[in-house]
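Peer 1: start.csv is reproduced in full below (CSV, C-alpha atoms).
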```
chain,number,residue,atom,x,y,z
A,1,MET,CA,73.1,0.6,-33.9
A,2,THR,CA,76.2,-0.1,-32.0
A,3,ASP,CA,78.6,1.8,-29.7
A,4,ARG,CA,81.7,0.1,-30.9
A,5,VAL,CA,85.0,1.8,-31.9
A,6,ALA,CA,86.3,1.4,-35.4
A,7,LEU,CA,89.6,2.3,-36.9
A,8,VAL,CA,89.8,2.8,-40.7
A,9,THR,CA,93.2,3.3,-42.1
A,10,GLY,CA,93.6,5.5,-45.2
A,11,ALA,CA,90.2,7.1,-44.5
A,12,SER,CA,90.8,10.7,-45.7
A,13,ARG,CA,89.4,9.9,-49.2
A,14,GLY,CA,88.0,7.4,-51.6
A,15,ILE,CA,86.9,4.0,-50.3
A,16,GLY,CA,88.3,4.6,-46.8
A,17,ARG,CA,86.3,7.8,-46.5
A,18,ALA,CA,83.1,6.0,-47.5
A,19,ILE,CA,83.8,3.2,-45.1
A,20,ALA,CA,84.3,5.6,-42.2
A,21,ILE,CA,81.1,7.4,-43.0
A,22,ASN,CA,79.2,4.2,-43.3
A,23,LEU,CA,80.4,2.8,-40.0
A,24,ALA,CA,79.7,6.1,-38.2
A,25,ALA,CA,76.1,6.0,-39.6
A,26,SER,CA,75.6,2.6,-37.9
A,27,GLY,CA,76.7,4.1,-34.6
A,28,HIS,CA,80.5,3.3,-34.5
A,29,ALA,CA,82.9,5.9,-33.0
A,30,VAL,CA,85.3,6.1,-35.9
A,31,ALA,CA,89.0,6.9,-35.9
A,32,VAL,CA,89.8,8.3,-39.4
A,33,ASN,CA,93.4,7.5,-40.0
A,34,TYR,CA,95.4,9.5,-42.6
A,35,ARG,CA,99.0,9.9,-43.5
A,36,SER,CA,99.3,13.5,-44.7
A,37,ARG,CA,96.0,14.9,-45.9
A,38,SER,CA,94.9,16.4,-42.7
A,39,ASP,CA,92.4,18.8,-44.3
A,40,ALA,CA,90.7,15.9,-46.1
A,41,ALA,CA,90.6,13.8,-42.9
A,42,ASP,CA,89.1,16.8,-41.0
A,43,GLU,CA,86.4,17.0,-43.7
A,44,VAL,CA,85.5,13.3,-43.1
A,45,VAL,CA,85.3,13.9,-39.4
A,46,GLY,CA,83.2,17.0,-40.0
A,47,THR,CA,80.8,15.1,-42.3
A,48,ILE,CA,80.4,12.4,-39.7
A,49,GLU,CA,79.8,14.8,-36.9
A,50,GLY,CA,77.4,16.8,-39.0
A,51,ALA,CA,75.3,13.7,-39.3
A,52,GLY,CA,75.3,13.3,-35.6
A,53,GLY,CA,78.1,10.7,-35.4
A,54,GLN,CA,81.4,10.5,-33.5
A,55,ALA,CA,84.8,10.6,-35.1
A,56,MET,CA,88.4,11.6,-34.6
A,57,ALA,CA,91.2,12.2,-37.2
A,58,VAL,CA,94.5,10.5,-36.4
A,59,ALA,CA,97.7,10.9,-38.4
A,60,ALA,CA,100.0,7.9,-38.8
A,61,ASP,CA,101.9,6.1,-41.5
A,62,ALA,CA,100.2,2.8,-41.1
A,63,GLY,CA,103.2,1.0,-42.5
A,64,ARG,CA,105.4,2.1,-39.5
A,65,ALA,CA,105.4,0.1,-36.3
A,66,ASP,CA,106.0,3.0,-34.0
A,67,ALA,CA,103.4,5.2,-35.6
A,68,VAL,CA,100.8,2.4,-35.4
A,69,THR,CA,101.5,1.8,-31.7
A,70,ALA,CA,101.1,5.5,-31.0
A,71,MET,CA,98.0,5.7,-33.1
A,72,THR,CA,96.2,2.8,-31.5
A,73,THR,CA,97.1,4.0,-28.0
A,74,GLU,CA,95.7,7.4,-28.8
A,75,ILE,CA,92.5,6.0,-30.1
A,76,ALA,CA,92.0,3.7,-27.1
A,77,ASP,CA,92.6,6.6,-24.8
A,78,LYS,CA,90.1,8.9,-26.5
A,79,LEU,CA,87.4,6.6,-27.9
A,80,GLY,CA,88.0,3.3,-26.2
A,81,PRO,CA,89.3,-0.1,-27.3
A,82,ILE,CA,89.2,-0.8,-31.0
A,83,THR,CA,87.0,-3.7,-31.9
A,84,VAL,CA,86.5,-3.0,-35.6
A,85,LEU,CA,89.6,-2.7,-37.7
A,86,VAL,CA,89.4,-1.9,-41.4
A,87,ASN,CA,92.8,-2.2,-43.1
A,88,ASN,CA,92.2,0.0,-46.1
A,89,ALA,CA,95.4,2.1,-46.4
A,90,GLY,CA,96.8,1.5,-49.9
A,91,VAL,CA,98.9,3.1,-52.5
A,92,THR,CA,100.0,2.2,-56.0
A,93,ASP,CA,103.4,2.7,-57.7
A,94,ASP,CA,102.9,1.0,-61.0
A,95,ASP,CA,105.5,-0.2,-63.4
A,96,LEU,CA,106.4,-3.3,-65.4
A,97,LEU,CA,108.2,-5.6,-63.1
A,98,MET,CA,111.4,-5.5,-65.2
A,99,ARG,CA,111.6,-1.8,-64.6
A,100,MET,CA,110.2,-1.7,-61.1
A,101,LYS,CA,112.7,-0.2,-58.7
A,102,PRO,CA,113.1,-1.9,-55.2
A,103,GLU,CA,111.9,1.3,-53.6
A,104,ALA,CA,108.6,1.1,-55.5
A,105,TRP,CA,108.2,-2.5,-54.6
A,106,ASP,CA,109.0,-2.0,-50.9
A,107,ARG,CA,106.8,1.1,-50.5
A,108,VAL,CA,103.7,-0.6,-51.9
A,109,ILE,CA,104.3,-3.8,-49.8
A,110,GLN,CA,104.9,-1.8,-46.7
A,111,THR,CA,101.9,0.5,-47.0
A,112,ASN,CA,99.4,-2.0,-48.3
A,113,LEU,CA,100.4,-5.3,-46.6
A,114,SER,CA,102.7,-4.7,-43.7
A,115,SER,CA,100.4,-2.0,-42.4
A,116,ALA,CA,97.6,-4.6,-42.1
A,117,TYR,CA,99.9,-6.9,-40.0
A,118,LEU,CA,101.0,-4.0,-37.8
A,119,CYS,CA,97.5,-2.6,-37.2
A,120,THR,CA,96.0,-6.1,-36.6
A,121,ARG,CA,98.7,-6.9,-34.1
A,122,ALA,CA,98.1,-3.7,-32.3
A,123,VAL,CA,94.3,-4.2,-31.9
A,124,LEU,CA,94.1,-7.9,-31.2
A,125,ARG,CA,94.8,-7.6,-27.5
A,126,GLY,CA,91.7,-5.4,-27.1
A,127,MET,CA,89.6,-7.8,-29.2
A,128,LEU,CA,90.8,-10.8,-27.3
A,129,LYS,CA,89.8,-9.1,-24.0
A,130,ALA,CA,86.4,-8.2,-25.4
A,131,LYS,CA,86.1,-11.7,-26.9
A,132,TRP,CA,84.7,-9.9,-29.9
A,133,GLY,CA,86.3,-8.3,-33.0
A,134,ARG,CA,85.9,-7.6,-36.7
A,135,ILE,CA,88.9,-7.3,-38.9
A,136,ILE,CA,88.2,-6.3,-42.5
A,137,ASN,CA,91.1,-6.1,-45.0
A,138,VAL,CA,90.5,-4.2,-48.2
A,139,THR,CA,92.2,-6.3,-50.9
A,140,SER,CA,91.5,-5.9,-54.7
A,141,VAL,CA,90.5,-7.9,-57.7
A,142,SER,CA,94.0,-7.0,-58.9
A,143,GLY,CA,95.3,-9.2,-56.1
A,144,LEU,CA,93.0,-12.1,-57.1
A,145,SER,CA,93.6,-11.9,-60.9
A,146,GLY,CA,96.8,-10.0,-61.3
A,147,ASN,CA,97.3,-6.9,-63.4
A,148,PRO,CA,100.1,-5.9,-65.7
A,149,GLY,CA,102.1,-3.0,-64.3
A,150,GLN,CA,100.9,-3.8,-60.8
A,151,ALA,CA,103.0,-6.7,-59.7
A,152,ASN,CA,103.8,-4.9,-56.4
A,153,TYR,CA,100.2,-3.9,-55.7
A,154,ALA,CA,98.7,-7.2,-56.7
A,155,ALA,CA,101.3,-9.1,-54.6
A,156,ALA,CA,100.4,-6.9,-51.6
A,157,LYS,CA,96.7,-7.3,-52.1
A,158,ALA,CA,96.9,-11.0,-52.6
A,159,GLY,CA,99.1,-11.2,-49.5
A,160,LEU,CA,96.2,-9.6,-47.6
A,161,VAL,CA,94.1,-12.6,-48.5
A,162,GLY,CA,96.6,-15.0,-46.9
A,163,LEU,CA,96.9,-12.8,-43.9
A,164,THR,CA,93.1,-12.5,-43.6
A,165,LYS,CA,92.6,-16.3,-43.6
A,166,SER,CA,95.5,-17.0,-41.2
A,167,VAL,CA,94.3,-14.4,-38.7
A,168,ALA,CA,90.8,-15.8,-39.0
A,169,LYS,CA,92.0,-19.2,-38.1
A,170,GLU,CA,94.1,-18.0,-35.2
A,171,VAL,CA,91.6,-16.0,-33.4
A,172,GLY,CA,88.2,-17.4,-34.5
A,173,SER,CA,87.7,-19.2,-31.2
A,174,ARG,CA,87.5,-15.9,-29.4
A,175,GLY,CA,84.6,-14.4,-31.4
A,176,ILE,CA,86.8,-12.4,-33.7
A,177,THR,CA,86.2,-12.6,-37.5
A,178,ALA,CA,88.6,-11.6,-40.2
A,179,ASN,CA,87.4,-11.1,-43.8
A,180,ALA,CA,88.5,-9.3,-46.9
A,181,VAL,CA,86.6,-7.2,-49.4
A,182,ALA,CA,87.9,-7.1,-53.0
A,183,PRO,CA,86.8,-4.0,-54.8
A,184,GLY,CA,86.8,-4.0,-58.6
A,185,PHE,CA,87.0,-0.8,-60.5
A,186,ILE,CA,85.8,2.0,-58.1
A,187,GLU,CA,85.5,5.7,-58.9
A,188,THR,CA,88.2,7.2,-56.8
A,189,ASP,CA,91.4,9.3,-57.2
A,190,MET,CA,93.3,6.1,-57.6
A,191,THR,CA,91.3,5.0,-60.7
A,192,GLU,CA,90.9,8.6,-62.0
A,193,ALA,CA,94.6,8.6,-62.5
A,194,LEU,CA,94.5,5.7,-64.9
A,195,GLY,CA,93.2,7.8,-67.8
A,196,GLU,CA,90.3,7.5,-70.2
A,197,ASP,CA,91.9,4.7,-72.4
A,198,VAL,CA,92.1,2.3,-69.5
A,199,ARG,CA,88.7,3.1,-68.2
A,200,ALA,CA,87.1,2.6,-71.7
A,201,ALA,CA,88.9,-0.7,-72.0
A,202,VAL,CA,87.7,-2.0,-68.6
A,203,LEU,CA,84.0,-1.0,-68.8
A,204,PRO,CA,82.8,-3.6,-71.4
A,205,ALA,CA,84.2,-6.3,-69.1
A,206,ILE,CA,82.0,-5.3,-66.2
A,207,THR,CA,78.8,-7.4,-66.1
A,208,LEU,CA,76.8,-4.6,-64.4
A,209,GLY,CA,77.9,-2.1,-67.0
A,210,ARG,CA,79.2,0.6,-64.6
A,211,PHE,CA,82.2,1.5,-62.4
A,212,GLY,CA,81.6,1.1,-58.7
A,213,SER,CA,81.2,3.8,-56.1
A,214,PRO,CA,83.0,3.9,-52.8
A,215,ASP,CA,79.6,3.4,-51.1
A,216,ASP,CA,79.3,0.1,-52.9
A,217,VAL,CA,82.4,-1.1,-51.1
A,218,ALA,CA,81.5,0.6,-47.8
A,219,ALA,CA,78.2,-1.3,-47.7
A,220,ALA,CA,80.1,-4.6,-47.9
A,221,VAL,CA,82.5,-3.6,-45.1
A,222,GLY,CA,79.5,-2.4,-43.0
A,223,TYR,CA,77.9,-5.8,-43.2
A,224,LEU,CA,81.1,-7.7,-42.3
A,225,ALA,CA,81.7,-5.3,-39.4
A,226,SER,CA,78.2,-6.0,-38.0
A,227,GLU,CA,77.0,-8.3,-35.2
A,228,GLU,CA,74.9,-10.2,-37.8
A,229,ALA,CA,78.0,-11.2,-39.8
A,230,GLY,CA,79.3,-13.2,-36.8
A,231,TYR,CA,79.3,-16.5,-38.7
A,232,VAL,CA,81.3,-15.3,-41.6
A,233,THR,CA,85.0,-15.5,-41.4
A,234,GLY,CA,88.0,-16.1,-43.7
A,235,GLN,CA,86.1,-14.9,-46.7
A,236,VAL,CA,86.8,-12.6,-49.6
A,237,LEU,CA,83.7,-10.7,-50.6
A,238,VAL,CA,84.2,-9.4,-54.2
A,239,VAL,CA,82.5,-6.1,-55.0
A,240,ASP,CA,83.3,-5.6,-58.7
A,241,GLY,CA,80.1,-5.4,-60.6
A,242,GLY,CA,80.8,-8.8,-62.1
A,243,LEU,CA,84.2,-8.1,-63.5
A,244,ALA,CA,86.4,-10.9,-62.4
A,245,PHE,CA,84.2,-14.0,-62.1
B,1,MET,CA,102.8,-10.0,-2.3
B,2,ASP,CA,104.1,-13.3,-1.0
B,3,ARG,CA,104.2,-16.5,-3.0
B,4,ALA,CA,101.0,-17.9,-1.5
B,5,GLU,CA,99.1,-14.8,-2.5
B,6,VAL,CA,100.5,-14.9,-6.0
B,7,GLU,CA,99.6,-18.6,-6.3
B,8,ALA,CA,96.0,-18.0,-5.2
B,9,LYS,CA,95.6,-15.0,-7.5
B,10,MET,CA,97.1,-17.0,-10.4
B,11,THR,CA,94.6,-19.8,-9.8
B,12,ASP,CA,91.7,-17.3,-9.7
B,13,LEU,CA,92.9,-15.8,-13.0
B,14,LEU,CA,93.1,-19.2,-14.7
B,15,VAL,CA,89.6,-20.0,-13.6
B,16,ASP,CA,88.1,-16.6,-14.4
B,17,GLU,CA,90.0,-15.6,-17.6
B,18,LEU,CA,90.6,-19.0,-19.2
B,19,GLY,CA,87.6,-20.8,-17.8
B,20,LEU,CA,89.8,-23.6,-16.4
B,21,ASP,CA,88.6,-26.2,-13.9
B,22,ARG,CA,89.8,-25.1,-10.4
B,23,ASP,CA,90.4,-28.8,-9.3
B,24,LYS,CA,92.9,-29.3,-12.1
B,25,ILE,CA,95.1,-26.4,-11.2
B,26,THR,CA,98.2,-27.4,-9.4
B,27,MET,CA,101.7,-25.7,-9.4
B,28,ALA,CA,103.0,-28.7,-11.4
B,29,ALA,CA,100.2,-28.7,-13.9
B,30,THR,CA,101.4,-28.0,-17.5
B,31,PHE,CA,99.4,-25.4,-19.5
B,32,GLU,CA,99.6,-27.4,-22.7
B,33,GLU,CA,99.0,-30.9,-21.7
B,34,ASP,CA,97.4,-31.0,-18.2
B,35,LEU,CA,95.2,-27.9,-18.6
B,36,GLU,CA,94.8,-28.1,-22.4
B,37,VAL,CA,95.4,-24.4,-22.9
B,38,ASP,CA,95.9,-23.6,-26.6
B,39,SER,CA,98.7,-21.2,-27.8
B,40,LEU,CA,96.2,-18.3,-27.9
B,41,GLY,CA,95.2,-19.1,-24.4
B,42,VAL,CA,98.8,-18.7,-23.2
B,43,VAL,CA,98.9,-15.2,-24.9
B,44,GLU,CA,95.7,-14.4,-23.1
B,45,LEU,CA,97.1,-15.6,-19.8
B,46,LEU,CA,100.2,-13.4,-20.2
B,47,MET,CA,98.0,-10.4,-20.9
B,48,ALA,CA,96.0,-11.2,-17.8
B,49,LEU,CA,99.1,-11.5,-15.7
B,50,GLU,CA,100.4,-8.1,-17.0
B,51,ASP,CA,97.0,-6.5,-16.3
B,52,ASN,CA,96.4,-8.0,-12.9
B,53,PHE,CA,99.9,-8.1,-11.4
B,54,GLY,CA,101.1,-4.9,-13.1
B,55,VAL,CA,104.2,-6.6,-14.5
B,56,ALA,CA,105.6,-6.7,-18.0
B,57,ILE,CA,106.7,-10.1,-19.2
B,58,PRO,CA,109.0,-10.1,-22.2
B,59,ASP,CA,108.5,-12.8,-24.9
B,60,GLU,CA,111.7,-14.6,-24.1
B,61,GLU,CA,110.6,-15.2,-20.5
B,62,ALA,CA,107.1,-16.0,-21.5
B,63,GLU,CA,108.3,-18.8,-23.8
B,64,ALA,CA,109.9,-20.6,-20.9
B,65,ILE,CA,106.6,-20.8,-19.0
B,66,GLY,CA,105.4,-24.4,-19.2
B,67,THR,CA,103.7,-25.0,-15.8
B,68,VAL,CA,101.5,-22.9,-13.5
B,69,GLY,CA,104.4,-22.9,-11.0
B,70,GLN,CA,106.8,-21.4,-13.6
B,71,ALA,CA,104.3,-18.7,-14.3
B,72,VAL,CA,104.2,-17.9,-10.6
B,73,ASP,CA,108.1,-17.9,-10.6
B,74,VAL,CA,108.1,-15.3,-13.4
B,75,VAL,CA,105.6,-13.1,-11.7
B,76,MET,CA,107.4,-13.4,-8.3
B,77,GLY,CA,110.6,-12.4,-10.1
B,78,LYS,CA,109.0,-9.3,-11.6
B,79,LEU,CA,107.3,-8.3,-8.3
B,80,GLY,CA,110.2,-8.9,-6.0
B,81,GLY,CA,112.7,-7.2,-8.2
```
Using the file provided, produce a representation of the structure as structure tokens.
Peer 2:
Amino acid sequence: MTDRVALVTGASRGIGRAIAINLAASGHAVAVNYRSRSDAADEVVGTIEGAGGQAMAVAADAGRADAVTAMTTEIADKLGPITVLVNNAGVTDDDLLMRMKPEAWDRVIQTNLSSAYLCTRAVLRGMLKAKWGRIINVTSVSGLSGNPGQANYAAAKAGLVGLTKSVAKEVGSRGITANAVAPGFIETDMTEALGEDVRAAVLPAITLGRFGSPDDVAAAVGYLASEEAGYVTGQVLVVDGGLAF
Amino acid sequence: MDRAEVEAKMTDLLVDELGLDRDKITMAATFEEDLEVDSLGVVELLMALEDNFGVAIPDEEAEAIGTVGQAVDVVMGKLGG
């Protein structure tokens, strides 16, 4: 058990929600960041508190510098310095590249990749002071293997890997690790929207014969956030049921 | 705070926050070569200066700091107004 403070971006539902609940269960005080779904974020906080944990909901568009600064300041004031950061906020805006509008490209890059840069920069000061930190970036097998219709998403997710490794090398000497988790096909709103045909096409390619649950991913994040994972840095932990290897 | 006090506090900070050898710290000592402080260490030093002296040091001024004496100069400038 720990008394550390964790920030999970995009934690009102799906994988982010499961990560927030997992970290709270191991004793972290969790800041549940959301952009607009305040009811959902409150539900996550309620679930955590109902289980005896500590959490707060904090609204911010993680892709905007001023919002991120305000968010991390608020969390530091209310819960304490953030020493576990999970960059999970992510959206899709799928289209074939030839038809993809600049706004769709920019939005996905900003929310999925730039947010990770902004949030990491905002919390590093506290981690450097504490000489301890855990940064976990949620990438995707899409970023590792590419995916038709998801050039923007895959580019952003792949970008997270480069960011993860660079940060890991920059701050490793101060007891701060940076790793990435690459989920495969996980049962969330994001994959629900893909439709039955896509789901039926993907399932045979998954070695373990099932789609993943958000808890499968949360468990990997929980490990990387722990004290015990202190000798693991710059890594991509793929949680995909054996889809992409 | 006069210059002697700032110099003394600066030396203490370098020893306590960056773990440097007190004997090596002179006003003319360079952070990079003489004191072997890495780039991250310089960032940490600036954070410590901001916290301990209550001053805000913008990036442009921070970049010009090469020696301990220059760091004292910047802090004196911020304190004295």
Peer 1: Could you check how far CA of Leu7 (chain A) sits from CA of Gly143 (chain A), in Å to one decimal?
Peer 2: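 Atom-to-atom, CA of Leu7 (chain A) to CA of Gly143 (chain A), that is 23.1 Å.
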Peer 1: Between CA of Ala24 (chain A) and CA of Gly52 (chain A), what is the distance, to one decimal in Å?
Peer 2: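 Separation between CA of Ala24 (chain A) and CA of Gly52 (chain A): 8.8 Å.
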Peer 1: Do a neighbour search on region 160-173 of chain A at 9 Å with only C-alpha atoms, toss out local chain neighbours closer than 4 positions, and write the hits as a ChimeraX atom specification.
Peer 2: /A:112-113,116-117,120,124,128,131,135-139,143-144,155-156,177-180,233-236 /B:40
Peer 1: One number please: CA of Val91 (chain A) to CA of Ile75 (chain A), in Å, one decimal.
Peer 2: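 Between CA of Val91 (chain A) and CA of Ile75 (chain A) the gap works out to 23.5 Å.
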Peer 1: For Asp21 (chain B), which residue among B:Leu35, B:Ala8, B:Ala48, B:Ala64 is the nearest when counting all atoms listed in the file?
Peer 2: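 Looking at the shortest contact to Asp21 (chain B), the residue is B:Leu35.
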Peer 1: Write out as a PyMOL selection string the residues lying within 8 Å of Glu187 (chain A), counting only C-alpha atoms and excluding same-chain residues fewer than 5 positions away.
Peer 2: chain A and resi 14+192+211-214
Peer 1: Only C-alpha atoms, please: the residues just picked out, written as an mmCIF file, in the frame of the given file.
Peer 2:
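File produced: selection-v2.cif:
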```
data_model
loop_
_atom_site.group_PDB
_atom_site.id
_atom_site.type_symbol
_atom_site.label_atom_id
_atom_site.label_comp_id
_atom_site.auth_asym_id
_atom_site.auth_seq_id
_atom_site.Cartn_x
_atom_site.Cartn_y
_atom_site.Cartn_z
ATOM 1 C CA GLY A 14 88.000 7.400 -51.600
ATOM 2 C CA GLU A 192 90.900 8.600 -62.000
ATOM 3 C CA PHE A 211 82.200 1.500 -62.400
ATOM 4 C CA GLY A 212 81.600 1.100 -58.700
ATOM 5 C CA SER A 213 81.200 3.800 -56.100
ATOM 6 C CA PRO A 214 83.000 3.900 -52.800
#
```
Peer 1: Compute the chain B side of the contact with chain A at 10 Å, counting only C-alpha atoms, and hand it back as a PyMOL selection string.
Peer 2: chain B and resi 17+39-41+43-44+47-48
Peer 1: Which of these, A:Leu118, A:Leu23, A:Ala11, A:Ala89, has the shortest distance to Ala220 (chain A) once you count only C-alpha atoms?
Peer 2: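 For Ala220 (chain A), the nearest of the candidates is A:Leu23.
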